[in-house]
>>> print(open('model37.csv').read())   # CSV, C-alpha atoms
chain,number,residue,atom,x,y,z
M,35,MET,CA,-22.6,17.2,-2.3
M,36,ALA,CA,-19.3,17.0,-4.2
M,37,THR,CA,-17.0,14.0,-3.6
M,38,ARG,CA,-13.7,15.0,-2.0
M,39,THR,CA,-10.6,14.2,-4.1
M,40,GLU,CA,-8.2,11.9,-2.3
M,41,TRP,CA,-4.6,12.8,-2.8
M,42,PHE,CA,-1.8,10.3,-2.2
M,43,PRO,CA,1.9,11.1,-2.1
M,44,LEU,CA,4.1,9.7,-4.8
M,45,VAL,CA,7.3,8.3,-3.4
M,46,ASN,CA,10.6,6.8,-4.4
M,47,GLU,CA,11.7,3.4,-3.0
M,48,ALA,CA,13.3,5.2,0.0
M,49,GLY,CA,9.9,6.6,0.9
M,50,GLU,CA,10.7,10.2,0.0
M,51,THR,CA,7.8,12.2,-1.4
M,52,ILE,CA,8.5,13.2,-5.0
M,53,GLY,CA,5.0,14.3,-6.0
M,54,LYS,CA,1.3,13.6,-5.5
M,55,ALA,CA,-1.6,12.0,-7.4
M,56,THR,CA,-5.2,11.2,-6.9
M,57,ARG,CA,-6.5,7.8,-5.8
M,58,GLN,CA,-7.8,7.2,-9.3
M,59,GLU,CA,-4.4,8.0,-10.9
M,60,CYS,CA,-2.7,5.6,-8.5
M,61,HIS,CA,-5.1,2.8,-9.3
M,62,ASN,CA,-5.6,3.2,-13.1
M,63,GLY,CA,-2.8,0.8,-14.1
M,64,SER,CA,-0.1,3.5,-14.7
M,65,LYS,CA,1.4,2.3,-11.3
M,66,PRO,CA,2.9,5.4,-9.7
M,67,LEU,CA,4.6,4.2,-6.5
M,68,HIS,CA,2.5,5.4,-3.5
M,69,PRO,CA,2.8,4.4,0.2
M,70,VAL,CA,0.4,2.3,2.3
M,71,VAL,CA,0.4,0.9,5.9
M,72,HIS,CA,-0.4,-2.6,7.1
M,73,LEU,CA,-0.8,-3.6,10.8
M,74,HIS,CA,-0.6,-7.2,11.8
M,75,ILE,CA,-2.3,-7.7,15.2
M,76,PHE,CA,-1.3,-10.7,17.4
M,77,ASN,CA,-2.8,-11.6,20.7
M,78,ARG,CA,-0.7,-12.9,23.6
M,79,ALA,CA,-1.4,-16.5,22.4
M,80,GLY,CA,0.2,-15.8,19.1
M,81,ASP,CA,-3.0,-15.8,17.0
M,82,LEU,CA,-3.3,-13.2,14.2
M,83,PHE,CA,-6.3,-10.9,13.8
M,84,LEU,CA,-7.7,-10.8,10.2
M,85,GLN,CA,-10.4,-8.6,8.8
M,86,LYS,CA,-13.0,-9.9,6.2
M,87,ARG,CA,-13.2,-7.3,3.5
M,88,SER,CA,-16.6,-5.8,2.8
M,89,MET,CA,-18.5,-7.3,-0.1
M,90,SER,CA,-18.8,-3.7,-1.4
M,91,LYS,CA,-15.0,-3.4,-2.0
M,92,ASP,CA,-13.9,-3.3,-5.6
M,93,ILE,CA,-10.7,-5.3,-4.9
M,94,GLN,CA,-10.9,-8.7,-3.3
M,95,PRO,CA,-14.4,-8.4,-1.7
M,96,GLY,CA,-15.3,-11.0,0.9
M,97,LYS,CA,-11.8,-12.3,1.4
M,98,TRP,CA,-9.8,-12.2,4.7
M,99,ASP,CA,-7.0,-9.8,4.8
M,100,THR,CA,-4.4,-8.0,7.1
M,101,ALA,CA,-6.0,-6.6,10.2
M,102,VAL,CA,-5.5,-3.0,9.2
M,103,GLY,CA,-4.4,-1.6,5.9
M,104,GLY,CA,-4.8,1.7,4.1
M,105,HIS,CA,-3.3,4.4,2.0
M,106,ILE,CA,-1.2,7.3,3.4
M,107,ASP,CA,-2.8,10.6,2.6
M,108,TYR,CA,-0.7,13.4,1.0
M,109,GLY,CA,0.9,15.4,3.9
M,110,GLU,CA,0.4,12.6,6.4
M,111,SER,CA,3.2,10.7,8.1
M,112,VAL,CA,3.5,6.9,8.1
M,113,GLU,CA,2.6,6.8,11.9
M,114,GLU,CA,-0.3,9.2,11.5
M,115,ALA,CA,-1.7,7.0,8.7
M,116,LEU,CA,-1.2,3.8,10.7
M,117,ARG,CA,-3.0,5.2,13.7
M,118,ARG,CA,-5.8,6.7,11.6
M,119,GLU,CA,-6.4,3.4,9.8
M,120,ALA,CA,-6.4,1.4,13.0
M,121,ARG,CA,-8.9,3.8,14.5
M,122,GLU,CA,-11.2,3.9,11.4
M,123,GLU,CA,-11.2,0.2,10.7
M,124,LEU,CA,-11.1,-1.4,14.2
M,125,GLY,CA,-11.5,1.4,16.8
M,126,ILE,CA,-8.0,0.9,18.2
M,127,ARG,CA,-6.4,3.9,19.7
M,128,ASP,CA,-3.8,2.6,22.2
M,129,PHE,CA,-1.2,0.3,20.7
M,130,THR,CA,2.5,0.1,20.3
M,131,PRO,CA,3.5,-0.7,16.6
M,132,SER,CA,6.9,-2.0,15.6
M,133,LEU,CA,8.1,-1.9,12.0
M,134,ILE,CA,8.6,-5.3,10.5
M,135,LYS,CA,9.6,-4.4,6.9
M,136,ARG,CA,9.1,-1.9,4.1
M,137,TYR,CA,8.8,-3.3,0.6
M,138,VAL,CA,7.3,-2.7,-2.8
M,139,PHE,CA,4.2,-4.6,-3.8
M,140,GLU,CA,2.9,-4.5,-7.4
M,141,SER,CA,-0.4,-5.8,-8.7
M,142,ASN,CA,-1.9,-5.5,-12.2
M,143,VAL,CA,-3.4,-2.0,-11.3
M,144,GLU,CA,-1.1,-0.4,-8.7
M,145,LYS,CA,2.4,-0.3,-7.2
M,146,GLU,CA,2.7,0.4,-3.4
M,147,LEU,CA,5.4,1.0,-0.9
M,148,VAL,CA,4.2,-1.1,2.0
M,149,HIS,CA,5.1,-0.1,5.5
M,150,SER,CA,4.3,-3.3,7.5
M,151,PHE,CA,4.0,-3.2,11.3
M,152,ARG,CA,3.1,-5.6,14.0
M,153,THR,CA,1.6,-5.2,17.5
M,154,VAL,CA,0.2,-7.3,20.4
M,155,TYR,CA,-3.4,-6.3,21.2
M,156,GLU,CA,-6.2,-8.3,22.8
M,157,GLY,CA,-9.1,-6.0,22.0
M,158,PRO,CA,-11.7,-4.6,22.2
M,159,PHE,CA,-12.3,-4.0,18.6
M,160,THR,CA,-15.1,-1.8,17.1
M,161,ILE,CA,-15.8,-3.0,13.6
M,162,ASP,CA,-16.9,-0.3,11.1
M,163,PRO,CA,-19.3,-2.0,8.7
M,164,GLU,CA,-18.5,0.5,6.0
M,165,GLU,CA,-14.8,-0.7,6.2
M,166,LEU,CA,-15.2,-4.4,6.8
M,167,ASP,CA,-17.7,-7.2,7.3
M,168,GLU,CA,-16.1,-8.8,10.3
M,169,GLY,CA,-12.9,-9.6,12.1
M,170,ARG,CA,-11.5,-12.3,14.4
M,171,PHE,CA,-8.3,-13.9,15.6
M,172,TRP,CA,-7.0,-16.8,13.5
M,173,SER,CA,-4.7,-19.5,14.8
M,174,ILE,CA,-1.5,-19.9,12.8
M,175,GLU,CA,-2.7,-23.4,11.9
M,176,GLU,CA,-6.0,-22.0,10.5
M,177,ILE,CA,-4.0,-19.5,8.4
M,178,LYS,CA,-1.6,-22.1,7.0
M,179,ALA,CA,-4.6,-24.4,6.2
M,180,SER,CA,-6.3,-21.6,4.3
M,181,LEU,CA,-3.3,-20.6,2.1
M,182,GLY,CA,-3.9,-21.0,-1.6
M,183,LYS,CA,-7.6,-21.8,-1.2
M,184,GLY,CA,-9.1,-18.4,-2.2
M,185,ILE,CA,-10.1,-17.6,1.4
M,186,LEU,CA,-7.4,-15.0,2.0
M,187,THR,CA,-6.3,-12.1,-0.2
M,188,PRO,CA,-3.3,-12.9,-2.4
M,189,ASN,CA,-1.6,-9.8,-1.0
M,190,PHE,CA,-2.1,-11.1,2.6
M,191,GLU,CA,-0.8,-14.6,1.7
M,192,LYS,CA,2.3,-13.2,0.0
M,193,GLU,CA,3.0,-10.8,2.9
M,194,TYR,CA,2.4,-13.5,5.5
M,195,ILE,CA,4.8,-15.9,3.9
M,196,ASN,CA,7.5,-13.2,3.3
M,197,LEU,CA,7.3,-11.6,6.7
M,198,PHE,CA,6.6,-14.6,8.9
M,199,GLY,CA,7.9,-17.5,6.8
M,200,GLY,CA,4.5,-19.1,7.1
M,201,GLU,CA,5.1,-19.0,10.9
M,202,LYS,CA,4.0,-16.7,13.7
>>> encode(input="model37.csv", output="structure tokens")
Amino acid sequence: MATRTEWFPLVNEAGETIGKATRQECHNGSKPLHPVVHLHIFNRAGDLFLQKRSMSKDIQPGKWDTAVGGHIDYGESVEEALRREAREELGIRDFTPSLIKRYVFESNVEKELVHSFRTVYEGPFTIDPEELDEGRFWSIEEIKASLGKGILTPNFEKEYINLFGGEK
């Protein structure tokens, strides 16, 4: 069975599609700008849901990360990607997202236009073991105590501090 080629849109910093490239091309170090979605899920008490990345992931395996995150597929809208990723990773179908911020994130292998959202959701969650190892709500105090200790992904730490100022 042939592996399906994943195509991502290439965008400018305004989020306008200017081309397309494969997942491999986007992650080979040439750093074409491509869009992703993140969803920060809070409960009513103000705790933040984090996912533990699968040990089979090639980037940051076994570290705690944003509740939902993923690439936008070519031809897919930001909202379609956000809802697809929430459904695939946590089984969430009914939620009301609000955009926090859109920003450019660059690592040593890729450059992403991140569309970061938040929502309030209590559960239930259905964890897909192919996507992540586990997930749970963390108190803001737990998150703050874990910053800089290699428990959380560097991307999550940077985003958490930038978006929430280290606060909820």
>>> residues_near_point(input="model37.csv", point="(-18.7, -5.5, 9.1)", cutoff="10 Å", atoms="all atoms listed in the file", output="PyMOL selection string")
chain M and resi 85-89+123+160-169
>>> residues_around(input="model37.csv", residues="Val70 (chain M)", least_positions_apart="5", cutoff="10 Å", atoms="all atoms listed in the file", output="PDB file with C-alpha atoms, keeping the file's coordinate frame")
ATOM      1  CA  PHE M  42      -1.800  10.300  -2.200  1.00  0.00           C
ATOM      2  CA  PRO M  43       1.900  11.100  -2.100  1.00  0.00           C
ATOM      3  CA  GLY M 103      -4.400  -1.600   5.900  1.00  0.00           C
ATOM      4  CA  GLY M 104      -4.800   1.700   4.100  1.00  0.00           C
ATOM      5  CA  HIS M 105      -3.300   4.400   2.000  1.00  0.00           C
ATOM      6  CA  ILE M 106      -1.200   7.300   3.400  1.00  0.00           C
ATOM      7  CA  ASP M 107      -2.800  10.600   2.600  1.00  0.00           C
ATOM      8  CA  VAL M 112       3.500   6.900   8.100  1.00  0.00           C
ATOM      9  CA  ALA M 115      -1.700   7.000   8.700  1.00  0.00           C
ATOM     10  CA  LEU M 116      -1.200   3.800  10.700  1.00  0.00           C
ATOM     11  CA  ARG M 136       9.100  -1.900   4.100  1.00  0.00           C
ATOM     12  CA  VAL M 138       7.300  -2.700  -2.800  1.00  0.00           C
ATOM     13  CA  PHE M 139       4.200  -4.600  -3.800  1.00  0.00           C
ATOM     14  CA  GLU M 146       2.700   0.400  -3.400  1.00  0.00           C
ATOM     15  CA  LEU M 147       5.400   1.000  -0.900  1.00  0.00           C
ATOM     16  CA  VAL M 148       4.200  -1.100   2.000  1.00  0.00           C
ATOM     17  CA  HIS M 149       5.100  -0.100   5.500  1.00  0.00           C
ATOM     18  CA  SER M 150       4.300  -3.300   7.500  1.00  0.00           C
TER      19      SER M 150
END
>>> residues_around(input="model37.csv", residues="region 188-202 of chain M", least_positions_apart="3", cutoff="10 Å", atoms="only C-alpha atoms", output="number ranges by chain")
M: 72, 74, 76, 80-82, 84, 94, 97-101, 134-135, 137, 139-141, 148, 150, 173-175, 177-178, 180-185
>>> residues_around(input="model37.csv", residues="Asn62 (chain M)", least_positions_apart="4", cutoff="8 Å", atoms="all atoms listed in the file", output="list of chain:residue names")
M:Gln58, M:Val143, M:Glu144
>>> closest_residue(input="model37.csv", among="M:Lys91, M:Glu110, M:Asn142, M:Gly157", to="Asp128 (chain M)", atoms="all atoms listed in the file")
M:Gly157
>>> atom_distance(input="model37.csv", atom1="CA of Gly96 (chain M)", atom2="CA of Leu73 (chain M)")
19.1 Å
>>> closest_residue(input="model37.csv", among="M:Gly109, M:Gly49, M:Pro131, M:Pro158", to="Pro69 (chain M)", atoms="all atoms listed in the file")
M:Gly49
>>> closest_residue(input="model37.csv", among="M:Arg117, M:Lys145, M:Arg152, M:Arg170", to="Val45 (chain M)", atoms="only C-alpha atoms")
M:Lys145
>>> atom_distance(input="model37.csv", atom1="CA of Glu176 (chain M)", atom2="CA of Phe83 (chain M)")
11.6 Å
>>> closest_residue(input="model37.csv", among="M:Glu113, M:Asp92, M:Tyr108, M:Arg38", to="Ala55 (chain M)", atoms="all atoms listed in the file")
M:Tyr108
>>> atom_distance(input="model37.csv", atom1="CA of Arg118 (chain M)", atom2="CA of Ile93 (chain M)")
21.0 Å
>>> closest_residue(input="model37.csv", among="M:Tyr155, M:Trp172, M:Thr130, M:Ser64", to="Leu186 (chain M)", atoms="all atoms listed in the file")
M:Trp172
>>> closest_residue(input="model37.csv", among="M:Ser111, M:Ser132, M:Ser90, M:Thr39", to="Arg57 (chain M)", atoms="all atoms listed in the file")
M:Thr39
